[in-house]
$ cat structure_32.cif   # mmCIF, C-alpha atoms
data_query
loop_
_atom_site.group_PDB
_atom_site.id
_atom_site.type_symbol
_atom_site.label_atom_id
_atom_site.label_comp_id
_atom_site.auth_asym_id
_atom_site.auth_seq_id
_atom_site.Cartn_x
_atom_site.Cartn_y
_atom_site.Cartn_z
ATOM 1 C CA MET A 160 -27.139 -4.632 3.939
ATOM 2 C CA LEU A 161 -26.694 -6.794 0.828
ATOM 3 C CA SER A 162 -29.835 -7.914 -0.907
ATOM 4 C CA ALA A 163 -30.571 -11.533 -1.684
ATOM 5 C CA ILE A 164 -31.172 -10.450 -5.276
ATOM 6 C CA SER A 165 -27.890 -10.537 -7.167
ATOM 7 C CA ARG A 166 -26.465 -10.975 -10.624
ATOM 8 C CA TRP A 167 -23.189 -12.556 -11.648
ATOM 9 C CA VAL A 168 -21.291 -11.081 -14.560
ATOM 10 C CA ILE A 169 -18.924 -13.215 -16.626
ATOM 11 C CA ASP A 170 -15.735 -11.297 -17.379
ATOM 12 C CA GLU A 171 -13.070 -13.241 -19.318
ATOM 13 C CA ASN A 172 -14.184 -16.575 -17.834
ATOM 14 C CA VAL A 173 -14.081 -15.205 -14.302
ATOM 15 C CA LEU A 174 -17.238 -14.657 -12.319
ATOM 16 C CA VAL A 175 -17.050 -11.215 -10.851
ATOM 17 C CA TYR A 176 -19.615 -9.865 -8.464
ATOM 18 C CA THR A 177 -19.709 -6.230 -9.505
ATOM 19 C CA ILE A 178 -23.299 -5.116 -9.623
ATOM 20 C CA LEU A 179 -24.414 -2.415 -7.214
ATOM 21 C CA LEU A 180 -27.895 -3.479 -6.273
ATOM 22 C CA GLU A 181 -30.936 -1.249 -6.097
ATOM 23 C CA ALA A 182 -31.541 -2.483 -2.578
ATOM 24 C CA ILE A 183 -28.282 -0.987 -1.346
ATOM 25 C CA ILE A 184 -27.704 2.177 -3.413
ATOM 26 C CA LYS A 185 -29.500 4.355 -0.889
ATOM 27 C CA ASP A 186 -27.495 2.770 1.926
ATOM 28 C CA VAL A 187 -24.248 3.296 -0.004
ATOM 29 C CA LEU A 188 -25.021 6.998 -0.428
ATOM 30 C CA LYS A 189 -26.013 7.368 3.218
ATOM 31 C CA ASP A 190 -22.906 5.524 4.397
ATOM 32 C CA PHE A 191 -20.677 7.550 2.073
ATOM 33 C CA ASP A 192 -22.202 10.766 3.394
ATOM 34 C CA GLU A 193 -21.440 9.628 6.953
ATOM 35 C CA TYR A 194 -17.931 8.581 5.921
ATOM 36 C CA LEU A 195 -17.309 12.035 4.440
ATOM 37 C CA ALA A 196 -18.517 13.647 7.673
ATOM 38 C CA THR A 197 -16.009 11.602 9.708
ATOM 39 C CA GLU A 198 -13.300 12.855 7.351
ATOM 40 C CA GLY A 199 -14.440 16.451 7.812
ATOM 41 C CA LEU A 200 -15.765 16.574 4.250
ATOM 42 C CA GLY A 201 -19.122 17.077 2.588
ATOM 43 C CA PHE A 202 -20.360 16.925 -0.977
ATOM 44 C CA GLU A 203 -23.652 17.836 -2.609
ATOM 45 C CA ALA A 204 -24.177 16.952 -6.255
ATOM 46 C CA THR A 205 -26.760 16.727 -8.980
ATOM 47 C CA ILE A 206 -26.899 13.058 -9.916
ATOM 48 C CA ILE A 207 -28.512 11.541 -12.977
ATOM 49 C CA GLY A 208 -28.988 8.088 -14.420
ATOM 50 C CA GLY A 209 -29.891 4.900 -12.649
ATOM 51 C CA ALA A 210 -28.784 5.983 -9.168
ATOM 52 C CA ALA A 211 -30.884 9.164 -9.355
ATOM 53 C CA LEU A 212 -33.938 7.243 -10.518
ATOM 54 C CA ILE A 213 -33.482 4.683 -7.744
ATOM 55 C CA VAL A 214 -33.115 7.379 -5.073
ATOM 56 C CA ALA A 215 -36.240 9.079 -6.436
ATOM 57 C CA GLY A 216 -38.122 5.771 -6.230
ATOM 58 C CA THR A 217 -38.886 5.861 -9.959
ATOM 59 C CA ILE A 218 -37.226 2.573 -10.872
ATOM 60 C CA SER A 219 -36.081 -0.593 -9.192
ATOM 61 C CA ARG A 220 -33.035 -1.988 -10.932
ATOM 62 C CA ALA A 221 -29.316 -2.379 -10.402
ATOM 63 C CA THR A 222 -26.658 0.214 -11.166
ATOM 64 C CA ARG A 223 -22.886 0.125 -10.920
ATOM 65 C CA ASP A 224 -22.207 3.777 -10.266
ATOM 66 C CA VAL A 225 -23.411 7.229 -9.294
ATOM 67 C CA ASP A 226 -23.226 9.697 -12.176
ATOM 68 C CA CYS A 227 -22.644 13.284 -11.032
ATOM 69 C CA LEU A 228 -23.750 15.888 -13.528
ATOM 70 C CA GLU A 229 -22.363 18.727 -11.472
ATOM 71 C CA PRO A 230 -20.270 19.942 -9.787
ATOM 72 C CA THR A 231 -16.953 18.451 -10.824
ATOM 73 C CA ILE A 232 -15.986 16.065 -8.039
ATOM 74 C CA PRO A 233 -13.151 17.673 -6.034
ATOM 75 C CA GLY A 234 -9.943 15.652 -5.648
ATOM 76 C CA LYS A 235 -10.460 15.089 -1.906
ATOM 77 C CA ILE A 236 -13.975 13.746 -2.486
ATOM 78 C CA LYS A 237 -12.806 11.526 -5.355
ATOM 79 C CA GLN A 238 -10.043 10.083 -3.178
ATOM 80 C CA ALA A 239 -12.518 9.589 -0.333
ATOM 81 C CA SER A 240 -14.830 7.645 -2.708
ATOM 82 C CA ILE A 241 -11.927 5.395 -3.708
ATOM 83 C CA ASP A 242 -10.928 4.827 -0.066
ATOM 84 C CA PHE A 243 -14.572 4.171 0.833
ATOM 85 C CA ALA A 244 -14.843 1.527 -1.919
ATOM 86 C CA LYS A 245 -11.558 -0.153 -0.949
ATOM 87 C CA ALA A 246 -12.636 -0.365 2.698
ATOM 88 C CA ARG A 247 -15.893 -2.090 1.693
ATOM 89 C CA PRO A 248 -15.000 -4.821 -0.819
ATOM 90 C CA ARG A 249 -18.245 -6.696 -0.137
ATOM 91 C CA LEU A 250 -20.123 -3.919 -1.960
ATOM 92 C CA GLY A 251 -18.277 -4.588 -5.218
ATOM 93 C CA LEU A 252 -17.765 -0.883 -5.881
ATOM 94 C CA ASP A 253 -15.346 0.063 -8.647
ATOM 95 C CA GLN A 254 -12.882 2.863 -7.931
ATOM 96 C CA ASP A 255 -14.901 5.032 -10.304
ATOM 97 C CA TRP A 256 -18.286 4.314 -8.699
ATOM 98 C CA LEU A 257 -18.714 8.049 -8.030
ATOM 99 C CA ASN A 258 -17.954 9.825 -11.279
ATOM 100 C CA ASN A 259 -18.505 12.826 -13.527
ATOM 101 C CA GLY A 260 -19.088 10.713 -16.642
ATOM 102 C CA PRO A 261 -22.127 12.720 -17.774
ATOM 103 C CA GLU A 262 -20.690 16.132 -16.833
ATOM 104 C CA SER A 263 -20.580 17.343 -20.439
ATOM 105 C CA LEU A 264 -24.348 16.845 -20.743
ATOM 106 C CA ALA A 265 -24.975 19.946 -18.600
ATOM 107 C CA ALA A 266 -24.113 22.155 -21.591
ATOM 108 C CA GLU A 267 -26.764 20.374 -23.683
ATOM 109 C CA LEU A 268 -29.646 20.830 -21.244
ATOM 110 C CA PRO A 269 -32.291 23.506 -21.859
ATOM 111 C CA PRO A 270 -32.067 26.873 -20.105
ATOM 112 C CA GLY A 271 -33.438 26.867 -16.570
ATOM 113 C CA TRP A 272 -32.866 23.161 -15.925
ATOM 114 C CA ARG A 273 -31.213 23.848 -12.561
ATOM 115 C CA SER A 274 -34.407 25.448 -11.250
ATOM 116 C CA ARG A 275 -36.314 22.244 -12.076
ATOM 117 C CA ARG A 276 -34.070 19.871 -10.135
ATOM 118 C CA VAL A 277 -35.738 17.753 -7.466
ATOM 119 C CA ARG A 278 -33.942 17.236 -4.163
ATOM 120 C CA SER A 279 -33.836 13.788 -2.656
ATOM 121 C CA ARG A 280 -36.018 13.224 0.379
ATOM 122 C CA ARG A 281 -34.306 14.130 3.611
ATOM 123 C CA THR A 282 -34.572 12.343 6.890
ATOM 124 C CA PRO A 283 -35.323 14.668 9.813
ATOM 125 C CA GLU A 284 -32.263 13.575 11.791
ATOM 126 C CA ARG A 285 -29.701 13.803 8.975
ATOM 127 C CA ARG A 286 -29.652 15.553 5.651
ATOM 128 C CA GLN A 287 -28.406 13.304 2.871
ATOM 129 C CA ARG A 288 -26.123 15.508 0.796
ATOM 130 C CA LEU A 289 -25.570 13.148 -2.105
#
$ encode --input "structure_32.cif" --output "structure tokens"
Amino acid sequence: MLSAISRWVIDENVLVYTILLEAIIKDVLKDFDEYLATEGLGFEATIIGGAALIVAGTISRATRDVDCLEPTIPGKIKQASIDFAKARPRLGLDQDWLNNGPESLAAELPPGWRSRRVRSRRTPERRQRL
């Protein structure tokens, strides 16, 4: 699942592999959706930023996280995202890889923005909720 394309980040003289690669973001979301299903959970969100542009096929670059504009991530989903990241250290996901960082931007968007959202493409056999 990991791409051969990678980038090392120097953090206080320690090389840390922390970049979530474009090649795997879609797989991470699909796997997280499946993980949630095994836990009896589900989550559908409006995402923005790099992850949204990658899922839409607009850009091809790395991102470290998935920015959820809305809704606020429920506690059970947040904990599931942390558990998911801990169980998959090879992905280099931070505990806050799924976050509501841009949540306050929703109040700044023009009226009617929700009606202009674009859903991610769905596979016939499984609907990707994230």
$ residues_around --input "structure_32.cif" --residues "Val225 of chain A" --least-positions-apart "5" --cutoff "6 Å" --atoms "all atoms listed in the file" --output "list in words"
Ala210, Trp256 and Leu257 of chain A
$ residues_around --input "structure_32.cif" --residues "Ile207 of chain A" --least-positions-apart "3" --cutoff "10 Å" --atoms "only C-alpha atoms" --output "count of residues only"
12
$ closest_residue --input "structure_32.cif" --among "A:Ile218, A:Gly208, A:Asp224, A:Pro233" --to "Asp253 of chain A" --atoms "only C-alpha atoms"
A:Asp224
$ atom_distance --input "structure_32.cif" --atom1 "atom CA of Val214 of chain A" --atom2 "atom CA of Lys185 of chain A"
6.3 Å
$ closest_residue --input "structure_32.cif" --among "A:Ala215, A:Thr231, A:Ser240, A:Leu250" --to "Ile183 of chain A" --atoms "all atoms listed in the file"
A:Leu250
$ axis_aligned_box --input "structure_32.cif" --around "segment 201-216 of chain A" --padding-each-side "4 Å" --output "JSON"
{"center_x": -28.6, "center_y": 11.3, "center_z": -5.9, "size_x": 27.0, "size_y": 21.2, "size_z": 25.0}
$ build_atoms --input "structure_32.cif" --residues "segment 230-241 of chain A" --atoms "all heavy atoms" --output "PDB file, in the frame of the given file"
ATOM      1  N   PRO A 230     -21.486  19.318  -9.284  1.00  0.00           N
ATOM      2  CA  PRO A 230     -20.270  19.942  -9.787  1.00  0.00           C
ATOM      3  C   PRO A 230     -19.212  18.892 -10.100  1.00  0.00           C
ATOM      4  O   PRO A 230     -19.401  17.695  -9.832  1.00  0.00           O
ATOM      5  CB  PRO A 230     -19.822  20.804  -8.611  1.00  0.00           C
ATOM      6  CG  PRO A 230     -20.237  20.009  -7.404  1.00  0.00           C
ATOM      7  CD  PRO A 230     -21.560  19.378  -7.823  1.00  0.00           C
ATOM      8  N   THR A 231     -18.093  19.345 -10.640  1.00  0.00           N
ATOM      9  CA  THR A 231     -16.953  18.451 -10.824  1.00  0.00           C
ATOM     10  C   THR A 231     -16.549  17.954  -9.441  1.00  0.00           C
ATOM     11  O   THR A 231     -16.471  18.735  -8.490  1.00  0.00           O
ATOM     12  CB  THR A 231     -15.777  19.195 -11.491  1.00  0.00           C
ATOM     13  OG1 THR A 231     -16.211  19.658 -12.771  1.00  0.00           O
ATOM     14  CG2 THR A 231     -14.568  18.302 -11.639  1.00  0.00           C
ATOM     15  N   ILE A 232     -16.337  16.667  -9.328  1.00  0.00           N
ATOM     16  CA  ILE A 232     -15.986  16.065  -8.039  1.00  0.00           C
ATOM     17  C   ILE A 232     -14.580  16.534  -7.632  1.00  0.00           C
ATOM     18  O   ILE A 232     -13.617  16.288  -8.361  1.00  0.00           O
ATOM     19  CB  ILE A 232     -16.037  14.528  -8.105  1.00  0.00           C
ATOM     20  CG1 ILE A 232     -17.437  14.058  -8.522  1.00  0.00           C
ATOM     21  CG2 ILE A 232     -15.620  13.909  -6.774  1.00  0.00           C
ATOM     22  CD1 ILE A 232     -17.509  12.595  -8.919  1.00  0.00           C
ATOM     23  N   PRO A 233     -14.471  17.217  -6.490  1.00  0.00           N
ATOM     24  CA  PRO A 233     -13.151  17.673  -6.034  1.00  0.00           C
ATOM     25  C   PRO A 233     -12.225  16.487  -5.746  1.00  0.00           C
ATOM     26  O   PRO A 233     -12.685  15.386  -5.392  1.00  0.00           O
ATOM     27  CB  PRO A 233     -13.454  18.437  -4.743  1.00  0.00           C
ATOM     28  CG  PRO A 233     -14.913  18.751  -4.805  1.00  0.00           C
ATOM     29  CD  PRO A 233     -15.542  17.639  -5.594  1.00  0.00           C
ATOM     30  N   GLY A 234     -10.932  16.710  -5.867  1.00  0.00           N
ATOM     31  CA  GLY A 234      -9.943  15.652  -5.648  1.00  0.00           C
ATOM     32  C   GLY A 234     -10.080  14.946  -4.310  1.00  0.00           C
ATOM     33  O   GLY A 234      -9.968  13.723  -4.236  1.00  0.00           O
ATOM     34  N   LYS A 235     -10.321  15.702  -3.233  1.00  0.00           N
ATOM     35  CA  LYS A 235     -10.460  15.089  -1.906  1.00  0.00           C
ATOM     36  C   LYS A 235     -11.681  14.173  -1.831  1.00  0.00           C
ATOM     37  O   LYS A 235     -11.635  13.131  -1.184  1.00  0.00           O
ATOM     38  CB  LYS A 235     -10.550  16.158  -0.820  1.00  0.00           C
ATOM     39  CG  LYS A 235      -9.243  16.848  -0.548  1.00  0.00           C
ATOM     40  CD  LYS A 235      -9.378  17.836   0.589  1.00  0.00           C
ATOM     41  CE  LYS A 235      -8.050  18.507   0.883  1.00  0.00           C
ATOM     42  NZ  LYS A 235      -8.137  19.435   2.006  1.00  0.00           N
ATOM     43  N   ILE A 236     -12.756  14.571  -2.491  1.00  0.00           N
ATOM     44  CA  ILE A 236     -13.975  13.746  -2.486  1.00  0.00           C
ATOM     45  C   ILE A 236     -13.745  12.504  -3.339  1.00  0.00           C
ATOM     46  O   ILE A 236     -14.144  11.393  -2.965  1.00  0.00           O
ATOM     47  CB  ILE A 236     -15.189  14.547  -2.998  1.00  0.00           C
ATOM     48  CG1 ILE A 236     -15.435  15.787  -2.132  1.00  0.00           C
ATOM     49  CG2 ILE A 236     -16.427  13.652  -3.079  1.00  0.00           C
ATOM     50  CD1 ILE A 236     -15.729  15.512  -0.678  1.00  0.00           C
ATOM     51  N   LYS A 237     -13.097  12.667  -4.483  1.00  0.00           N
ATOM     52  CA  LYS A 237     -12.806  11.526  -5.355  1.00  0.00           C
ATOM     53  C   LYS A 237     -11.943  10.511  -4.613  1.00  0.00           C
ATOM     54  O   LYS A 237     -12.224   9.309  -4.641  1.00  0.00           O
ATOM     55  CB  LYS A 237     -12.117  12.009  -6.638  1.00  0.00           C
ATOM     56  CG  LYS A 237     -11.896  10.911  -7.635  1.00  0.00           C
ATOM     57  CD  LYS A 237     -13.221  10.335  -8.078  1.00  0.00           C
ATOM     58  CE  LYS A 237     -13.020   9.188  -9.023  1.00  0.00           C
ATOM     59  NZ  LYS A 237     -14.258   8.481  -9.289  1.00  0.00           N
ATOM     60  N   GLN A 238     -10.898  10.994  -3.933  1.00  0.00           N
ATOM     61  CA  GLN A 238     -10.043  10.083  -3.178  1.00  0.00           C
ATOM     62  C   GLN A 238     -10.825   9.416  -2.049  1.00  0.00           C
ATOM     63  O   GLN A 238     -10.649   8.227  -1.782  1.00  0.00           O
ATOM     64  CB  GLN A 238      -8.821  10.810  -2.616  1.00  0.00           C
ATOM     65  CG  GLN A 238      -7.814   9.871  -1.965  1.00  0.00           C
ATOM     66  CD  GLN A 238      -7.306   8.804  -2.918  1.00  0.00           C
ATOM     67  OE1 GLN A 238      -6.826   9.103  -4.007  1.00  0.00           O
ATOM     68  NE2 GLN A 238      -7.409   7.537  -2.516  1.00  0.00           N
ATOM     69  N   ALA A 239     -11.693  10.167  -1.397  1.00  0.00           N
ATOM     70  CA  ALA A 239     -12.518   9.589  -0.333  1.00  0.00           C
ATOM     71  C   ALA A 239     -13.426   8.491  -0.901  1.00  0.00           C
ATOM     72  O   ALA A 239     -13.635   7.463  -0.251  1.00  0.00           O
ATOM     73  CB  ALA A 239     -13.352  10.668   0.344  1.00  0.00           C
ATOM     74  N   SER A 240     -13.960   8.670  -2.107  1.00  0.00           N
ATOM     75  CA  SER A 240     -14.830   7.645  -2.708  1.00  0.00           C
ATOM     76  C   SER A 240     -14.038   6.381  -3.021  1.00  0.00           C
ATOM     77  O   SER A 240     -14.554   5.267  -2.873  1.00  0.00           O
ATOM     78  CB  SER A 240     -15.539   8.186  -3.948  1.00  0.00           C
ATOM     79  OG  SER A 240     -14.668   8.304  -5.049  1.00  0.00           O
ATOM     80  N   ILE A 241     -12.790   6.549  -3.436  1.00  0.00           N
ATOM     81  CA  ILE A 241     -11.927   5.395  -3.708  1.00  0.00           C
ATOM     82  C   ILE A 241     -11.600   4.670  -2.406  1.00  0.00           C
ATOM     83  O   ILE A 241     -11.706   3.436  -2.327  1.00  0.00           O
ATOM     84  CB  ILE A 241     -10.643   5.846  -4.439  1.00  0.00           C
ATOM     85  CG1 ILE A 241     -10.991   6.347  -5.847  1.00  0.00           C
ATOM     86  CG2 ILE A 241      -9.611   4.719  -4.488  1.00  0.00           C
ATOM     87  CD1 ILE A 241      -9.863   7.090  -6.542  1.00  0.00           C
TER      88      ILE A 241
END
